[in-house]
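Working notes for the structure below.
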Amino acid sequence: MIAFFYNVALISALVLGAPWWLWRIATTQKYREGLSERLGRVPAALRQGNRPVLWLHAVSVGEILAVSRLVEQLTQSVPDFRLLISTTTRTGQDLALQRFGAERVFYCPLDLPWAVRAYLQALQPAMLILAETEFWPNLLRGCFRRRIPVVVVNARISDRSWPRYRRLRALWRPLLSPLRLALAQSEADAERLRALGCAPDRVTVSGNLKFDVRAAQEAEATRLLRAAAGSLRFIVAGSTLEGEEAALLDAWPQLLAAYPNLVLVLAPRHPERFAAVATLLDRSGFQWSRRSEGIVSLAPGHIVLLDTIGELASVYSLAAVAFVGGSIIPAGGHNPLEPAQFAVPIVMGPHTANFRAITDDLVAHDAVRIATGESLAEALLALLSDDPTASTMGARARQVFEAQAGATARTRDAIAKILAERRMRA
């Protein structure tokens, strides 16, 4: 009955919103890209091959980065299975294509009964693996009806999402109780999943896959920036959101007054904002350039707009200090482990709910500085002016990163065990 009302509401929303969606599809490339796949057209490349399929779904860039090592290890440890990866966002799709190849990457179908049915019939997956909390009712029910085990990896329910989930826990229980396994990032996440209806004996804490993230290789941007740098020092501001670039530009004259040999690398979180940030830089009066147009030379005070996908994690390795965005404004913050892996001292804003466990661990080890928009310049200057403190702080950040490693191996082993048990029963 719940499924019936869900589908009625979903289809009604699509019908009522059709004029808006049609206008967006007609005027915006990102809404057209992958549309036929989202509506149920299964790409021919996915139908090829005679090995049973593992379907792994990771929404966007953050999830793709988190599962990258898991994909590598599953590919090696269960070679008799074909691992296919779906994403929801265009940026996630672009990164997945770069990392895993076009023959096994596709857009996840919308949670429409006919679209989900088309993929489950074509792929007949031996397992569905969901990264974090992608709980789509039709997709889950379709798997349960076909006796396809569903495993949730790197599972978490953020502080911001928890009240909403809790209010609707009666609706979530029938969807979550049949899950084969939920591998939670932390004990708090595990308790929330149990409270929502996951079978207690099917929830376990495996750790955060993002602690195992390593820059896959040195990016071209990193090589170009290093070659052009000479004695210049870098501040790398990654995954910034609207309002944070302006805060950094407001702080920039004060930083340059104290340390004229600085270069700022500015990496907005969303590619659709590259043009808006470029306009902001034009109006700032500072010397700047786009990474996509090449990096030939750098001068003191230069700003580089990193308008590419997949290079930020590597570029963090150049930073004297890193600022991790999404945290000055109340957006929950982004992943501080990307600079931590390189022993880079980190500055973040106070809004870190999306990575609370990680940030709390860094704070507990004095491995991150928390600053507001008003105190951002002061926090950056303090680390730029005290190399021993910055170096020690960066080393502690790396220790936190290394100490929490191992979630990928635990997740891989849990999935392999379920597949082995399934083969024995077949």
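Going by the structure tokens order, chains are called A, B, ..., each with residues numbered from 1, while ligands are numbered from 1 in the order shown.
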
| What lies within 10 Å of Ile358 (chain A) using only C-alpha atoms, ignoring chain neighbours under 3 positions off, as a ChimeraX atom specification? | /A:208,210-211,335-337,352-355,361-364,400-401,404

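Residues surrounding Leu318 (chain A) within 8 Å are Thr222, Arg226, Phe234 and Val236 of chain A [only C-alpha atoms; sequence separation below 5 positions excluded].
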
Writing out the chosen residues with N, CA and C atoms as a PDB file, in the first residue's frame:
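To be explicit, this is the file written out as selection.pdb:
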```
ATOM      1  N   THR A 222      48.731  19.332 -10.931  1.00  0.00           N
ATOM      2  CA  THR A 222      49.756  19.346  -9.889  1.00  0.00           C
ATOM      3  C   THR A 222      51.141  19.511 -10.494  1.00  0.00           C
ATOM      4  N   ARG A 226      53.419  22.867  -9.895  1.00  0.00           N
ATOM      5  CA  ARG A 226      54.729  22.723  -9.264  1.00  0.00           C
ATOM      6  C   ARG A 226      55.827  23.287 -10.164  1.00  0.00           C
ATOM      7  N   PHE A 234      51.559  27.871  -1.872  1.00  0.00           N
ATOM      8  CA  PHE A 234      50.168  27.721  -2.289  1.00  0.00           C
ATOM      9  C   PHE A 234      49.215  27.661  -1.096  1.00  0.00           C
ATOM     10  N   VAL A 236      45.467  26.237  -1.033  1.00  0.00           N
ATOM     11  CA  VAL A 236      44.502  25.524  -1.872  1.00  0.00           C
ATOM     12  C   VAL A 236      43.162  25.539  -1.159  1.00  0.00           C
TER      13      VAL A 236
END
```

(Q) Show me, as number ranges by chain, the residues that have an atom within 10 Å of Leu281 (chain A) when counting only C-alpha atoms, minus same-chain residues fewer than 2 positions from it. (A) A: 245-246, 249, 275-279, 283-289, 303-305

Put those residues in a file: N, CA and C atoms, as a PDB file, in the first residue's frame.
```pdb
ATOM      1  N   GLU A 245      34.028  31.820  -1.845  1.00  0.00           N
ATOM      2  CA  GLU A 245      35.039  32.459  -2.713  1.00  0.00           C
ATOM      3  C   GLU A 245      35.167  33.940  -2.365  1.00  0.00           C
ATOM      4  N   ALA A 246      34.017  34.598  -2.114  1.00  0.00           N
ATOM      5  CA  ALA A 246      34.051  36.021  -1.755  1.00  0.00           C
ATOM      6  C   ALA A 246      34.792  36.226  -0.437  1.00  0.00           C
ATOM      7  N   LEU A 249      38.474  35.949  -1.156  1.00  0.00           N
ATOM      8  CA  LEU A 249      38.973  37.135  -1.867  1.00  0.00           C
ATOM      9  C   LEU A 249      39.042  38.342  -0.937  1.00  0.00           C
ATOM     10  N   ALA A 275      31.672  29.471 -14.127  1.00  0.00           N
ATOM     11  CA  ALA A 275      31.501  30.751 -14.827  1.00  0.00           C
ATOM     12  C   ALA A 275      31.222  31.879 -13.834  1.00  0.00           C
ATOM     13  N   ALA A 276      30.395  31.608 -12.815  1.00  0.00           N
ATOM     14  CA  ALA A 276      30.077  32.631 -11.823  1.00  0.00           C
ATOM     15  C   ALA A 276      31.313  33.029 -11.024  1.00  0.00           C
ATOM     16  N   VAL A 277      32.149  32.057 -10.684  1.00  0.00           N
ATOM     17  CA  VAL A 277      33.375  32.358  -9.939  1.00  0.00           C
ATOM     18  C   VAL A 277      34.355  33.117 -10.827  1.00  0.00           C
ATOM     19  N   ALA A 278      34.396  32.770 -12.111  1.00  0.00           N
ATOM     20  CA  ALA A 278      35.246  33.523 -13.048  1.00  0.00           C
ATOM     21  C   ALA A 278      34.822  34.990 -13.108  1.00  0.00           C
ATOM     22  N   THR A 279      33.518  35.227 -13.122  1.00  0.00           N
ATOM     23  CA  THR A 279      33.018  36.603 -13.116  1.00  0.00           C
ATOM     24  C   THR A 279      33.430  37.317 -11.834  1.00  0.00           C
ATOM     25  N   ARG A 283      35.930  40.695 -11.488  1.00  0.00           N
ATOM     26  CA  ARG A 283      35.558  41.918 -10.774  1.00  0.00           C
ATOM     27  C   ARG A 283      36.499  42.225  -9.617  1.00  0.00           C
ATOM     28  N   SER A 284      37.241  41.215  -9.165  1.00  0.00           N
ATOM     29  CA  SER A 284      38.106  41.407  -7.993  1.00  0.00           C
ATOM     30  C   SER A 284      39.311  42.291  -8.278  1.00  0.00           C
ATOM     31  N   GLY A 285      39.749  42.305  -9.523  1.00  0.00           N
ATOM     32  CA  GLY A 285      40.943  43.060  -9.869  1.00  0.00           C
ATOM     33  C   GLY A 285      42.235  42.303  -9.659  1.00  0.00           C
ATOM     34  N   PHE A 286      42.169  41.090  -9.129  1.00  0.00           N
ATOM     35  CA  PHE A 286      43.371  40.281  -8.933  1.00  0.00           C
ATOM     36  C   PHE A 286      43.756  39.577 -10.233  1.00  0.00           C
ATOM     37  N   GLN A 287      45.047  39.301 -10.353  1.00  0.00           N
ATOM     38  CA  GLN A 287      45.526  38.533 -11.502  1.00  0.00           C
ATOM     39  C   GLN A 287      45.096  37.073 -11.321  1.00  0.00           C
ATOM     40  N   TRP A 288      44.472  36.510 -12.355  1.00  0.00           N
ATOM     41  CA  TRP A 288      43.986  35.139 -12.218  1.00  0.00           C
ATOM     42  C   TRP A 288      43.968  34.458 -13.580  1.00  0.00           C
ATOM     43  N   SER A 289      43.853  33.134 -13.562  1.00  0.00           N
ATOM     44  CA  SER A 289      43.768  32.368 -14.801  1.00  0.00           C
ATOM     45  C   SER A 289      42.991  31.088 -14.539  1.00  0.00           C
ATOM     46  N   ILE A 303      45.935  34.019  -8.736  1.00  0.00           N
ATOM     47  CA  ILE A 303      44.855  33.107  -8.358  1.00  0.00           C
ATOM     48  C   ILE A 303      44.581  32.176  -9.531  1.00  0.00           C
ATOM     49  N   VAL A 304      44.545  30.879  -9.256  1.00  0.00           N
ATOM     50  CA  VAL A 304      44.250  29.874 -10.276  1.00  0.00           C
ATOM     51  C   VAL A 304      42.860  29.299  -9.996  1.00  0.00           C
ATOM     52  N   LEU A 305      41.982  29.408 -10.967  1.00  0.00           N
ATOM     53  CA  LEU A 305      40.657  28.794 -10.876  1.00  0.00           C
ATOM     54  C   LEU A 305      40.774  27.351 -11.375  1.00  0.00           C
TER      55      LEU A 305
END
```

Residues within 7 Å of region 182-191 of chain A, please, as an MDAnalysis selection string. Count only C-alpha atoms; anything in the same chain fewer than 3 positions from it doesn't count. chainID A and resid 151:157 194:195 202:208

Keeping C-alpha atoms, export the residues of the selection given above as a short mmCIF file (atom, residue, chain, number, x, y, z; two decimals), in the first residue's frame.
```cif
data_model
loop_
_atom_site.label_atom_id
_atom_site.label_comp_id
_atom_site.auth_asym_id
_atom_site.auth_seq_id
_atom_site.Cartn_x
_atom_site.Cartn_y
_atom_site.Cartn_z
CA VAL A 151 24.27 -4.17 0.78
CA VAL A 152 24.75 -0.59 1.93
CA VAL A 153 28.39 0.46 2.25
CA ASN A 154 29.82 3.50 3.99
CA ALA A 155 26.33 3.99 5.41
CA ARG A 156 25.61 7.17 7.28
CA ILE A 157 22.69 9.33 8.33
CA ARG A 194 18.72 0.07 13.59
CA ALA A 195 16.22 2.63 14.87
CA ARG A 202 22.61 -7.06 9.83
CA VAL A 203 24.14 -3.73 10.83
CA THR A 204 27.82 -3.47 11.64
CA VAL A 205 30.43 -0.73 11.85
CA SER A 206 33.11 -1.04 9.18
CA GLY A 207 34.51 2.49 9.28
CA ASN A 208 34.60 5.24 6.70
#
```

Counting only C-alpha atoms, closest pick from A:Leu130, A:Leu65, A:Val42, A:Ala420 relative to Arg117 (chain A) is A:Val42

At a cut-off of 6 Å, using only C-alpha atoms, what residues contact Thr87 (chain A)? Leave out same-chain residues fewer than 3 positions from it and give the result as a ChimeraX atom specification.
/A:57-59,92-93,107-108

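Ranking A:Arg425, A:Arg82, A:Arg164, A:Arg398 by their shortest atom-to-atom distance to Gln48 (chain A), with only C-alpha atoms included, puts A:Arg82 first.
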
**Message:** Residues near Val116 (chain A), anyone? I mean within 7 Å using only C-alpha atoms, not counting same-chain ones fewer than 5 positions away, as an MDAnalysis selection string.
**Reply:** chainID A and resid 40 109 111 138:139

I want to know what sits within 10 Å of Asn7 (chain A), based on only C-alpha atoms, with residues of the same chain fewer than 2 positions away left out; could you give that as a PDB file with N, CA and C atoms, in the first residue's frame?
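For reference, around_11.pdb as written:
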```pdb
ATOM      1  N   ILE A   2       1.947   1.237   0.830  1.00  0.00           N
ATOM      2  CA  ILE A   2       2.849   2.390   0.863  1.00  0.00           C
ATOM      3  C   ILE A   2       3.477   2.606  -0.511  1.00  0.00           C
ATOM      4  N   ALA A   3       3.874   1.499  -1.163  1.00  0.00           N
ATOM      5  CA  ALA A   3       4.485   1.597  -2.484  1.00  0.00           C
ATOM      6  C   ALA A   3       3.512   2.199  -3.487  1.00  0.00           C
ATOM      7  N   PHE A   4       2.231   1.812  -3.393  1.00  0.00           N
ATOM      8  CA  PHE A   4       1.226   2.357  -4.315  1.00  0.00           C
ATOM      9  C   PHE A   4       1.134   3.871  -4.174  1.00  0.00           C
ATOM     10  N   PHE A   5       1.001   4.364  -2.943  1.00  0.00           N
ATOM     11  CA  PHE A   5       0.876   5.801  -2.731  1.00  0.00           C
ATOM     12  C   PHE A   5       2.166   6.533  -3.101  1.00  0.00           C
ATOM     13  N   ALA A   9       2.241   9.436  -5.912  1.00  0.00           N
ATOM     14  CA  ALA A   9       2.791  10.759  -5.606  1.00  0.00           C
ATOM     15  C   ALA A   9       3.940  11.106  -6.541  1.00  0.00           C
ATOM     16  N   LEU A  10       4.797  10.123  -6.821  1.00  0.00           N
ATOM     17  CA  LEU A  10       5.957  10.358  -7.683  1.00  0.00           C
ATOM     18  C   LEU A  10       5.525  10.709  -9.102  1.00  0.00           C
ATOM     19  N   ILE A  11       4.624   9.924  -9.658  1.00  0.00           N
ATOM     20  CA  ILE A  11       4.173  10.171 -11.030  1.00  0.00           C
ATOM     21  C   ILE A  11       3.371  11.464 -11.115  1.00  0.00           C
ATOM     22  N   SER A  12       2.565  11.756 -10.087  1.00  0.00           N
ATOM     23  CA  SER A  12       1.817  13.017 -10.069  1.00  0.00           C
ATOM     24  C   SER A  12       2.757  14.210 -10.069  1.00  0.00           C
ATOM     25  N   ALA A  13       3.835  14.103  -9.267  1.00  0.00           N
ATOM     26  CA  ALA A  13       4.810  15.196  -9.224  1.00  0.00           C
ATOM     27  C   ALA A  13       5.483  15.387 -10.579  1.00  0.00           C
ATOM     28  N   ASP A 111      13.691   6.536 -10.101  1.00  0.00           N
ATOM     29  CA  ASP A 111      12.993   5.513  -9.315  1.00  0.00           C
ATOM     30  C   ASP A 111      11.541   5.339  -9.787  1.00  0.00           C
ATOM     31  N   LEU A 112      11.411   5.146 -11.099  1.00  0.00           N
ATOM     32  CA  LEU A 112      10.122   4.885 -11.725  1.00  0.00           C
ATOM     33  C   LEU A 112       9.993   3.387 -11.946  1.00  0.00           C
ATOM     34  N   PRO A 113       8.835   2.805 -11.727  1.00  0.00           N
ATOM     35  CA  PRO A 113       8.708   1.344 -11.796  1.00  0.00           C
ATOM     36  C   PRO A 113       9.234   0.739 -13.086  1.00  0.00           C
ATOM     37  N   PRO A 137      12.721   3.549  -2.985  1.00  0.00           N
ATOM     38  CA  PRO A 137      11.747   2.485  -2.732  1.00  0.00           C
ATOM     39  C   PRO A 137      11.554   1.499  -3.875  1.00  0.00           C
ATOM     40  N   ASN A 138      11.371   1.973  -5.105  1.00  0.00           N
ATOM     41  CA  ASN A 138      11.125   1.035  -6.207  1.00  0.00           C
ATOM     42  C   ASN A 138      12.346   0.173  -6.498  1.00  0.00           C
TER      43      ASN A 138
END
```

**Asked** Pick from A:Arg169, A:Arg160, A:His270, A:Arg410: nearest to His351 (chain A), with only C-alpha atoms counted?
**Response**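 The answer is A:Arg160, which sits nearest to His351 (chain A).
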
How many Å lie between CA of Val344 (chain A) and CA of Thr411 (chain A), rounded to one decimal?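 Between CA of Val344 (chain A) and CA of Thr411 (chain A) the gap is 27.8 Å.
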
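Of the listed residues (A:Ala170, A:Leu110, A:Ala251, A:Leu175), A:Leu175 comes nearest to Phe135 (chain A); the distances count only C-alpha atoms.
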
- Residue list (strand (DSSP E), DSSP) for region 221-387 of chain A, as a VMD selection string: chain A and resid 233 to 240 262 to 268 288 to 290 303 to 305 319 to 324 346 to 348 369 to 370

Write a file of the just-selected residues containing C-alpha atoms, as a short mmCIF file (atom, residue, chain, number, x, y, z; two decimals), in the first residue's frame.
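What ended up in selection-v8.cif:
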```
data_model
loop_
_atom_site.label_atom_id
_atom_site.label_comp_id
_atom_site.auth_asym_id
_atom_site.auth_seq_id
_atom_site.Cartn_x
_atom_site.Cartn_y
_atom_site.Cartn_z
CA ARG A 233 53.65 29.04 -1.62
CA PHE A 234 50.17 27.72 -2.29
CA ILE A 235 46.91 28.09 -0.43
CA VAL A 236 44.50 25.52 -1.87
CA ALA A 237 40.82 26.25 -1.24
CA GLY A 238 38.84 23.19 -2.24
CA SER A 239 35.13 22.38 -2.72
CA THR A 240 34.07 25.98 -2.15
CA LEU A 262 51.42 33.37 -2.12
CA VAL A 263 49.32 31.80 -4.88
CA LEU A 264 45.68 30.88 -4.29
CA VAL A 265 44.19 27.82 -5.99
CA LEU A 266 40.42 28.12 -5.93
CA ALA A 267 38.39 24.96 -6.66
CA PRO A 268 34.60 25.45 -6.61
CA TRP A 288 43.99 35.14 -12.22
CA SER A 289 43.77 32.37 -14.80
CA ARG A 290 41.80 29.20 -15.55
CA ILE A 303 44.85 33.11 -8.36
CA VAL A 304 44.25 29.87 -10.28
CA LEU A 305 40.66 28.79 -10.88
CA ALA A 319 49.42 23.37 -0.24
CA ALA A 320 51.20 25.17 2.55
CA VAL A 321 47.70 25.47 4.02
CA ALA A 322 44.39 24.05 2.78
CA PHE A 323 40.90 25.43 3.25
CA VAL A 324 38.12 22.84 2.90
CA ILE A 346 43.74 22.29 7.38
CA VAL A 347 41.37 25.18 8.02
CA MET A 348 37.61 24.68 7.95
CA ARG A 369 41.69 24.87 12.73
CA ILE A 370 38.05 25.99 12.79
#
```

Determine which residues of region 44-186 of chain A receive a DSSP assignment of helix (DSSP H, G or I), computed from the backbone, and state them as a short mmCIF file (atom, residue, chain, number, x, y, z; two decimals) with C-alpha atoms, in the first residue's frame.
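selection-v3.cif written:
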```
data_model
loop_
_atom_site.label_atom_id
_atom_site.label_comp_id
_atom_site.auth_asym_id
_atom_site.auth_seq_id
_atom_site.Cartn_x
_atom_site.Cartn_y
_atom_site.Cartn_z
CA ALA A 44 24.11 -1.94 -25.02
CA ALA A 45 27.57 -2.15 -23.41
CA LEU A 46 26.00 -3.21 -20.11
CA ARG A 47 24.28 -6.20 -21.73
CA VAL A 61 31.86 12.86 -6.93
CA GLY A 62 32.25 12.34 -3.19
CA GLU A 63 30.78 8.86 -3.29
CA ILE A 64 32.79 7.90 -6.39
CA LEU A 65 35.99 8.97 -4.66
CA ALA A 66 35.00 7.01 -1.54
CA VAL A 67 34.32 3.74 -3.41
CA SER A 68 37.23 3.97 -5.87
CA ARG A 69 39.51 1.67 -3.89
CA LEU A 70 36.60 -0.65 -3.14
CA VAL A 71 35.95 -0.97 -6.88
CA GLU A 72 39.61 -1.83 -7.46
CA GLN A 73 39.68 -4.41 -4.67
CA LEU A 74 36.38 -6.06 -5.61
CA THR A 75 37.53 -6.26 -9.23
CA GLN A 76 40.60 -8.18 -8.02
CA SER A 77 39.00 -10.30 -5.28
CA ARG A 90 26.79 14.56 -14.29
CA THR A 91 29.98 15.35 -12.37
CA GLY A 92 29.86 11.93 -10.74
CA GLN A 93 29.39 10.35 -14.16
CA ASP A 94 32.39 12.22 -15.60
CA LEU A 95 34.66 11.12 -12.75
CA ALA A 96 33.41 7.53 -12.88
CA LEU A 97 34.08 7.39 -16.62
CA GLN A 98 37.63 8.61 -16.01
CA ARG A 99 38.28 6.08 -13.26
CA PHE A 100 36.38 2.98 -14.34
CA ALA A 102 32.75 3.72 -20.27
CA GLU A 103 32.01 0.01 -20.64
CA ARG A 104 30.84 -0.28 -17.03
CA PRO A 113 8.71 1.34 -11.80
CA TRP A 114 9.30 0.75 -15.51
CA ALA A 115 12.82 2.27 -15.51
CA VAL A 116 13.95 0.23 -12.50
CA ARG A 117 12.35 -2.92 -13.95
CA ALA A 118 14.22 -2.49 -17.25
CA TYR A 119 17.61 -2.40 -15.51
CA LEU A 120 16.93 -5.26 -13.14
CA GLN A 121 15.71 -7.45 -16.00
CA ALA A 122 18.66 -6.57 -18.24
CA LEU A 123 21.43 -6.77 -15.62
CA PRO A 137 11.75 2.49 -2.73
CA ASN A 138 11.13 1.04 -6.21
CA LEU A 139 14.75 0.00 -6.63
CA LEU A 140 14.83 -1.66 -3.21
CA ARG A 141 11.48 -3.41 -3.65
CA GLY A 142 12.47 -4.60 -7.12
CA CYS A 143 15.59 -6.22 -5.68
CA PHE A 144 13.75 -7.78 -2.74
CA ARG A 145 11.11 -9.32 -5.02
CA TRP A 162 18.27 12.30 11.00
CA PRO A 163 15.19 14.23 12.26
CA ARG A 164 13.50 13.78 8.86
CA TYR A 165 14.29 10.07 8.74
CA ARG A 166 13.13 9.59 12.34
CA ARG A 167 9.75 11.23 11.70
CA ARG A 169 10.62 5.69 10.43
CA ALA A 170 7.33 3.77 10.09
CA LEU A 171 7.64 4.20 6.32
CA TRP A 172 11.32 3.27 6.25
CA ARG A 173 11.03 0.06 8.28
CA PRO A 174 9.57 -2.18 5.49
CA LEU A 175 12.19 -0.84 3.07
CA LEU A 176 15.20 -1.29 5.34
#
```
